[in-house]
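One structure is given here, and the rest of the page talks about it.
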Amino acid sequence: MKGLFVVKRYARALFEVSRDNNRLGDLKEDAAVLNRLFTEASEIRRYCLNPSDSREKNRILIDTAFLPYLGEYTAKTVETLFQNGRLEALPYLADALREEMDRNAGITTVIIESAAEQNEEDRDRIVGRLEKRIGGGIRPEWRIRPELLGGMTFQWNNRFLDMSLRGRVNHLKGTLKRKTI
């Protein structure tokens, strides 16, 4: 889990160097390569999250699974993660890069949880309203949580908006408790 927190600094530095050298296109490709690698080869993900104590084994992994497929700046970042003993951060690099690119483009990731699946028309309407409320583009991440009973919750940046039936029932319970005491 510590890799998740460490990787954001590396991703920001990699993004800035790529942007300053007009290599953001390469960076997007590298993020896609990393994402595909960790999605399609889950054993590499597991290994990175629990790397070997053998520096030689870790070196072989970096040299064969990563460096040949990445652009110059991303390869240097992976090399730096290895040199600093931070292989556990590597599986999170693609997501951290996407967040950094979105932030730079003014796009906000919003986690939308609902009790049931939404049809495409409703999703588009919800996204449109959220973009107006937030004041910019959003990247929705849809999740199903039946325990919400109905309605939805929205999470973005450090904000949380609960418009679920479960949230309204809990709010009503709290109100009733305060009034009866």
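We name chains A, B, ... following the order of the structure tokens; residues begin at 1 in each chain, and ligands are numbered from 1 as shown.
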
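For range 152-155 of chain A, the set of protein, DNA and RNA residues having any atom at most 10 Å away, when counting only C-alpha atoms and skipping those fewer than 6 positions along the same chain, is Thr109, Val110, Ile111, Ile112, Glu113, Ser114, Ala115, Ala116, Leu130, Pro140, Glu141, Trp142, Arg143, Ile144, Arg145, Leu161, Asp162, Met163, Ser164, Leu165, Arg166 and Gly167 of chain A.
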
Residues near range 8-24 of chain A, anyone? I mean within 12 Å using only C-alpha atoms, not counting same-chain ones fewer than 6 positions away, as a ChimeraX atom specification.
/A:2,30-31,71-81,84,86,89-105

Going by DSSP on the backbone, which bits of range 72-168 of chain A are helix (DSSP H, G or I)? Write them as a PyMOL selection string, please.
chain A and resi 72-83+87-105+120-134+146-148+165-168

Using N, CA and C atoms, can you export the residues from the last selection as a compact mmCIF listing (two decimals), in the first residue's frame?
# COMPACT_ATOMS: atom_id res chain seq x y z
N GLU A 72 11.91 7.00 -23.21
CA GLU A 72 13.09 7.40 -22.45
C GLU A 72 12.78 7.87 -21.02
N TYR A 73 11.85 8.80 -20.87
CA TYR A 73 11.60 9.37 -19.55
C TYR A 73 10.91 8.38 -18.61
N THR A 74 9.97 7.64 -19.15
CA THR A 74 9.29 6.64 -18.32
C THR A 74 10.27 5.54 -17.91
N ALA A 75 11.13 5.13 -18.83
CA ALA A 75 12.14 4.11 -18.51
C ALA A 75 13.06 4.62 -17.40
N LYS A 76 13.45 5.89 -17.47
CA LYS A 76 14.30 6.45 -16.41
C LYS A 76 13.56 6.48 -15.06
N THR A 77 12.28 6.75 -15.11
CA THR A 77 11.49 6.75 -13.88
C THR A 77 11.41 5.35 -13.29
N VAL A 78 11.17 4.34 -14.13
CA VAL A 78 11.12 2.95 -13.67
C VAL A 78 12.48 2.57 -13.09
N GLU A 79 13.54 2.97 -13.75
CA GLU A 79 14.90 2.70 -13.25
C GLU A 79 15.11 3.35 -11.89
N THR A 80 14.65 4.57 -11.73
CA THR A 80 14.78 5.27 -10.44
C THR A 80 13.97 4.58 -9.35
N LEU A 81 12.76 4.14 -9.68
CA LEU A 81 11.97 3.38 -8.70
C LEU A 81 12.73 2.13 -8.25
N PHE A 82 13.33 1.43 -9.21
CA PHE A 82 14.12 0.24 -8.89
C PHE A 82 15.31 0.61 -8.00
N GLN A 83 16.08 1.62 -8.40
CA GLN A 83 17.27 2.02 -7.64
C GLN A 83 16.92 2.44 -6.21
N LEU A 87 9.84 -0.82 -6.01
CA LEU A 87 9.12 -1.60 -7.01
C LEU A 87 7.63 -1.70 -6.69
N GLU A 88 7.27 -1.65 -5.42
CA GLU A 88 5.85 -1.77 -5.05
C GLU A 88 5.02 -0.59 -5.55
N ALA A 89 5.68 0.48 -5.96
CA ALA A 89 4.96 1.64 -6.51
C ALA A 89 4.65 1.47 -7.99
N LEU A 90 5.38 0.62 -8.66
CA LEU A 90 5.26 0.48 -10.11
C LEU A 90 3.86 0.12 -10.62
N PRO A 91 3.13 -0.80 -9.96
CA PRO A 91 1.78 -1.11 -10.47
C PRO A 91 0.80 0.07 -10.42
N TYR A 92 1.12 1.09 -9.66
CA TYR A 92 0.23 2.24 -9.53
C TYR A 92 0.63 3.40 -10.44
N LEU A 93 1.74 3.27 -11.16
CA LEU A 93 2.26 4.37 -11.95
C LEU A 93 1.32 4.80 -13.07
N ALA A 94 0.73 3.86 -13.79
CA ALA A 94 -0.16 4.22 -14.90
C ALA A 94 -1.36 5.04 -14.41
N ASP A 95 -1.97 4.62 -13.30
CA ASP A 95 -3.11 5.38 -12.76
C ASP A 95 -2.69 6.75 -12.27
N ALA A 96 -1.52 6.83 -11.64
CA ALA A 96 -1.03 8.12 -11.16
C ALA A 96 -0.73 9.06 -12.33
N LEU A 97 -0.22 8.51 -13.42
CA LEU A 97 0.02 9.33 -14.61
C LEU A 97 -1.28 9.83 -15.21
N ARG A 98 -2.28 8.95 -15.28
CA ARG A 98 -3.58 9.36 -15.81
C ARG A 98 -4.17 10.49 -14.95
N GLU A 99 -4.08 10.36 -13.64
CA GLU A 99 -4.58 11.41 -12.74
C GLU A 99 -3.85 12.73 -12.99
N GLU A 100 -2.55 12.65 -13.16
CA GLU A 100 -1.75 13.85 -13.39
C GLU A 100 -2.12 14.50 -14.72
N MET A 101 -2.29 13.69 -15.76
CA MET A 101 -2.67 14.23 -17.07
C MET A 101 -4.08 14.84 -17.01
N ASP A 102 -4.99 14.17 -16.30
CA ASP A 102 -6.34 14.71 -16.15
C ASP A 102 -6.32 16.03 -15.40
N ARG A 103 -5.56 16.08 -14.32
CA ARG A 103 -5.48 17.30 -13.52
C ARG A 103 -4.97 18.45 -14.38
N ASN A 104 -3.96 18.20 -15.17
CA ASN A 104 -3.40 19.22 -16.05
C ASN A 104 -4.41 19.67 -17.10
N ALA A 105 -5.27 18.75 -17.55
CA ALA A 105 -6.27 19.08 -18.57
C ALA A 105 -7.56 19.64 -17.96
N GLU A 120 -27.45 4.31 -20.56
CA GLU A 120 -26.54 5.29 -21.17
C GLU A 120 -27.12 6.70 -21.18
N GLU A 121 -28.40 6.82 -21.43
CA GLU A 121 -29.05 8.14 -21.47
C GLU A 121 -28.99 8.80 -20.08
N ASP A 122 -29.30 8.03 -19.03
CA ASP A 122 -29.25 8.57 -17.67
C ASP A 122 -27.81 8.93 -17.28
N ARG A 123 -26.86 8.07 -17.67
CA ARG A 123 -25.46 8.37 -17.37
C ARG A 123 -25.03 9.69 -18.01
N ASP A 124 -25.39 9.89 -19.26
CA ASP A 124 -25.02 11.12 -19.95
C ASP A 124 -25.64 12.34 -19.26
N ARG A 125 -26.90 12.22 -18.85
CA ARG A 125 -27.58 13.32 -18.16
C ARG A 125 -26.89 13.63 -16.83
N ILE A 126 -26.53 12.59 -16.08
CA ILE A 126 -25.87 12.76 -14.78
C ILE A 126 -24.51 13.42 -14.97
N VAL A 127 -23.74 12.94 -15.95
CA VAL A 127 -22.42 13.51 -16.22
C VAL A 127 -22.55 14.98 -16.60
N GLY A 128 -23.52 15.31 -17.43
CA GLY A 128 -23.73 16.70 -17.82
C GLY A 128 -24.02 17.60 -16.63
N ARG A 129 -24.86 17.14 -15.73
CA ARG A 129 -25.19 17.94 -14.55
C ARG A 129 -23.99 18.09 -13.63
N LEU A 130 -23.19 17.00 -13.50
CA LEU A 130 -21.99 17.07 -12.67
C LEU A 130 -20.96 18.04 -13.25
N GLU A 131 -20.82 18.03 -14.57
CA GLU A 131 -19.87 18.96 -15.21
C GLU A 131 -20.27 20.40 -14.94
N LYS A 132 -21.57 20.69 -14.96
CA LYS A 132 -22.03 22.04 -14.64
C LYS A 132 -21.75 22.38 -13.19
N ARG A 133 -22.00 21.43 -12.29
CA ARG A 133 -21.80 21.67 -10.86
C ARG A 133 -20.33 21.86 -10.53
N ILE A 134 -19.48 21.01 -11.10
CA ILE A 134 -18.05 21.05 -10.79
C ILE A 134 -17.34 22.15 -11.57
N PRO A 146 -25.50 -2.02 -4.07
CA PRO A 146 -26.91 -2.26 -3.76
C PRO A 146 -27.33 -1.79 -2.37
N GLU A 147 -26.38 -1.75 -1.43
CA GLU A 147 -26.73 -1.33 -0.07
C GLU A 147 -27.16 0.14 0.02
N LEU A 148 -26.99 0.91 -1.05
CA LEU A 148 -27.47 2.29 -1.06
C LEU A 148 -29.00 2.36 -1.15
N LEU A 165 -30.78 6.81 -0.98
CA LEU A 165 -31.89 6.56 -0.06
C LEU A 165 -31.36 6.20 1.32
N ARG A 166 -30.32 5.38 1.36
CA ARG A 166 -29.72 5.00 2.64
C ARG A 166 -29.21 6.23 3.38
N GLY A 167 -28.57 7.15 2.67
CA GLY A 167 -28.07 8.39 3.28
C GLY A 167 -29.19 9.25 3.81
N ARG A 168 -30.29 9.32 3.08
CA ARG A 168 -31.43 10.12 3.52
C ARG A 168 -32.11 9.52 4.75

What lies within 12 Å of Arg46 in chain A using only C-alpha atoms, ignoring chain neighbours under 2 positions off, as number ranges by chain?
A: 37-44, 48-52, 87-91

Store the residues of this selection in a file with C-alpha atoms, as a PDB file, in the first residue's frame.
ATOM      1  CA  LEU A  37       1.184  -5.036 -18.744  1.00  0.00           C
ATOM      2  CA  PHE A  38      -0.252  -5.052 -15.234  1.00  0.00           C
ATOM      3  CA  THR A  39      -3.732  -5.987 -16.452  1.00  0.00           C
ATOM      4  CA  GLU A  40      -2.704  -8.833 -18.741  1.00  0.00           C
ATOM      5  CA  ALA A  41       0.214 -10.165 -16.660  1.00  0.00           C
ATOM      6  CA  SER A  42      -1.126 -10.243 -13.117  1.00  0.00           C
ATOM      7  CA  GLU A  43       1.901 -12.240 -11.947  1.00  0.00           C
ATOM      8  CA  ILE A  44       4.135  -9.243 -12.727  1.00  0.00           C
ATOM      9  CA  CYS A  48       6.147  -5.922  -7.938  1.00  0.00           C
ATOM     10  CA  LEU A  49       3.839  -5.596  -4.943  1.00  0.00           C
ATOM     11  CA  ASN A  50       5.964  -8.183  -3.083  1.00  0.00           C
ATOM     12  CA  PRO A  51       9.382  -7.936  -4.748  1.00  0.00           C
ATOM     13  CA  SER A  52      12.147 -10.451  -4.174  1.00  0.00           C
ATOM     14  CA  LEU A  87       9.116  -1.604  -7.013  1.00  0.00           C
ATOM     15  CA  GLU A  88       5.853  -1.768  -5.048  1.00  0.00           C
ATOM     16  CA  ALA A  89       4.964   1.644  -6.508  1.00  0.00           C
ATOM     17  CA  LEU A  90       5.265   0.477 -10.113  1.00  0.00           C
ATOM     18  CA  PRO A  91       1.779  -1.109 -10.467  1.00  0.00           C
TER      19      PRO A  91
END

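Here the residues within chain A that DSSP labels strand (DSSP E or B) on the basis of the backbone are Ile107, Thr108, Thr109, Val110, Ile111, Ile112, Glu113, Ser114, Gly137, Ile138, Arg139, Pro140, Glu141, Trp142, Arg143, Ile144, Gly151, Met152, Thr153, Phe154, Gln155, Trp156, Arg159, Phe160, Leu161, Asp162, Met163 and Ser164 of chain A.
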
Generate the output file for the selected residues, N, CA and C atoms, as a PDB file, in the first residue's frame.
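Once everything was written out, this is selection_33.pdb:
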ATOM      1  N   ILE A 107      -9.588  18.002 -15.892  1.00  0.00           N
ATOM      2  CA  ILE A 107     -10.585  16.933 -15.789  1.00  0.00           C
ATOM      3  C   ILE A 107     -10.566  16.388 -14.364  1.00  0.00           C
ATOM      4  N   THR A 108     -11.735  16.241 -13.777  1.00  0.00           N
ATOM      5  CA  THR A 108     -11.878  15.734 -12.420  1.00  0.00           C
ATOM      6  C   THR A 108     -12.459  14.325 -12.462  1.00  0.00           C
ATOM      7  N   THR A 109     -11.836  13.404 -11.737  1.00  0.00           N
ATOM      8  CA  THR A 109     -12.386  12.058 -11.628  1.00  0.00           C
ATOM      9  C   THR A 109     -13.468  12.072 -10.557  1.00  0.00           C
ATOM     10  N   VAL A 110     -14.642  11.568 -10.914  1.00  0.00           N
ATOM     11  CA  VAL A 110     -15.765  11.505  -9.981  1.00  0.00           C
ATOM     12  C   VAL A 110     -16.186  10.043  -9.853  1.00  0.00           C
ATOM     13  N   ILE A 111     -16.197   9.557  -8.622  1.00  0.00           N
ATOM     14  CA  ILE A 111     -16.683   8.206  -8.360  1.00  0.00           C
ATOM     15  C   ILE A 111     -18.175   8.306  -8.109  1.00  0.00           C
ATOM     16  N   ILE A 112     -18.936   7.627  -8.954  1.00  0.00           N
ATOM     17  CA  ILE A 112     -20.392   7.665  -8.856  1.00  0.00           C
ATOM     18  C   ILE A 112     -20.860   6.269  -8.456  1.00  0.00           C
ATOM     19  N   GLU A 113     -21.463   6.186  -7.294  1.00  0.00           N
ATOM     20  CA  GLU A 113     -21.978   4.911  -6.809  1.00  0.00           C
ATOM     21  C   GLU A 113     -23.493   4.953  -6.833  1.00  0.00           C
ATOM     22  N   SER A 114     -24.084   3.887  -7.341  1.00  0.00           N
ATOM     23  CA  SER A 114     -25.541   3.811  -7.374  1.00  0.00           C
ATOM     24  C   SER A 114     -25.982   2.412  -6.961  1.00  0.00           C
ATOM     25  N   GLY A 137     -14.657  19.460 -17.139  1.00  0.00           N
ATOM     26  CA  GLY A 137     -14.820  18.080 -17.585  1.00  0.00           C
ATOM     27  C   GLY A 137     -14.637  17.097 -16.446  1.00  0.00           C
ATOM     28  N   ILE A 138     -15.310  15.971 -16.561  1.00  0.00           N
ATOM     29  CA  ILE A 138     -15.160  14.935 -15.538  1.00  0.00           C
ATOM     30  C   ILE A 138     -14.888  13.596 -16.208  1.00  0.00           C
ATOM     31  N   ARG A 139     -14.253  12.720 -15.444  1.00  0.00           N
ATOM     32  CA  ARG A 139     -14.065  11.329 -15.834  1.00  0.00           C
ATOM     33  C   ARG A 139     -14.855  10.507 -14.808  1.00  0.00           C
ATOM     34  N   PRO A 140     -16.017   9.996 -15.199  1.00  0.00           N
ATOM     35  CA  PRO A 140     -16.829   9.240 -14.233  1.00  0.00           C
ATOM     36  C   PRO A 140     -16.308   7.816 -14.049  1.00  0.00           C
ATOM     37  N   GLU A 141     -16.319   7.369 -12.816  1.00  0.00           N
ATOM     38  CA  GLU A 141     -16.040   5.965 -12.489  1.00  0.00           C
ATOM     39  C   GLU A 141     -17.307   5.430 -11.835  1.00  0.00           C
ATOM     40  N   TRP A 142     -18.013   4.579 -12.553  1.00  0.00           N
ATOM     41  CA  TRP A 142     -19.297   4.065 -12.103  1.00  0.00           C
ATOM     42  C   TRP A 142     -19.105   2.811 -11.269  1.00  0.00           C
ATOM     43  N   ARG A 143     -19.783   2.747 -10.125  1.00  0.00           N
ATOM     44  CA  ARG A 143     -19.736   1.570  -9.259  1.00  0.00           C
ATOM     45  C   ARG A 143     -21.153   1.252  -8.785  1.00  0.00           C
ATOM     46  N   ILE A 144     -21.425  -0.027  -8.634  1.00  0.00           N
ATOM     47  CA  ILE A 144     -22.736  -0.475  -8.147  1.00  0.00           C
ATOM     48  C   ILE A 144     -22.603  -0.853  -6.671  1.00  0.00           C
ATOM     49  N   GLY A 151     -30.913   5.874  -5.356  1.00  0.00           N
ATOM     50  CA  GLY A 151     -30.156   7.112  -5.448  1.00  0.00           C
ATOM     51  C   GLY A 151     -28.680   6.863  -5.718  1.00  0.00           C
ATOM     52  N   MET A 152     -27.848   7.880  -5.406  1.00  0.00           N
ATOM     53  CA  MET A 152     -26.426   7.807  -5.721  1.00  0.00           C
ATOM     54  C   MET A 152     -25.595   8.584  -4.720  1.00  0.00           C
ATOM     55  N   THR A 153     -24.301   8.255  -4.716  1.00  0.00           N
ATOM     56  CA  THR A 153     -23.313   9.070  -4.014  1.00  0.00           C
ATOM     57  C   THR A 153     -22.275   9.511  -5.032  1.00  0.00           C
ATOM     58  N   PHE A 154     -21.652  10.669  -4.779  1.00  0.00           N
ATOM     59  CA  PHE A 154     -20.656  11.242  -5.671  1.00  0.00           C
ATOM     60  C   PHE A 154     -19.446  11.643  -4.845  1.00  0.00           C
ATOM     61  N   GLN A 155     -18.263  11.235  -5.300  1.00  0.00           N
ATOM     62  CA  GLN A 155     -17.028  11.598  -4.610  1.00  0.00           C
ATOM     63  C   GLN A 155     -16.057  12.189  -5.626  1.00  0.00           C
ATOM     64  N   TRP A 156     -15.527  13.368  -5.332  1.00  0.00           N
ATOM     65  CA  TRP A 156     -14.497  13.971  -6.170  1.00  0.00           C
ATOM     66  C   TRP A 156     -13.640  14.862  -5.292  1.00  0.00           C
ATOM     67  N   ARG A 159     -14.476  15.990  -1.764  1.00  0.00           N
ATOM     68  CA  ARG A 159     -15.900  16.236  -1.571  1.00  0.00           C
ATOM     69  C   ARG A 159     -16.690  14.940  -1.660  1.00  0.00           C
ATOM     70  N   PHE A 160     -17.800  14.931  -0.928  1.00  0.00           N
ATOM     71  CA  PHE A 160     -18.690  13.769  -0.931  1.00  0.00           C
ATOM     72  C   PHE A 160     -20.118  14.294  -0.901  1.00  0.00           C
ATOM     73  N   LEU A 161     -20.914  13.847  -1.856  1.00  0.00           N
ATOM     74  CA  LEU A 161     -22.320  14.235  -1.932  1.00  0.00           C
ATOM     75  C   LEU A 161     -23.150  12.965  -1.876  1.00  0.00           C
ATOM     76  N   ASP A 162     -23.964  12.826  -0.842  1.00  0.00           N
ATOM     77  CA  ASP A 162     -24.770  11.624  -0.658  1.00  0.00           C
ATOM     78  C   ASP A 162     -26.218  11.930  -0.995  1.00  0.00           C
ATOM     79  N   MET A 163     -26.666  11.379  -2.109  1.00  0.00           N
ATOM     80  CA  MET A 163     -28.047  11.538  -2.532  1.00  0.00           C
ATOM     81  C   MET A 163     -28.722  10.171  -2.606  1.00  0.00           C
ATOM     82  N   SER A 164     -28.247   9.266  -1.752  1.00  0.00           N
ATOM     83  CA  SER A 164     -28.790   7.908  -1.748  1.00  0.00           C
ATOM     84  C   SER A 164     -29.954   7.810  -0.770  1.00  0.00           C
TER      85      SER A 164
END

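We find CA of Arg45 in chain A and CA of Asn158 in chain A to be spaced 28.6 Å apart.
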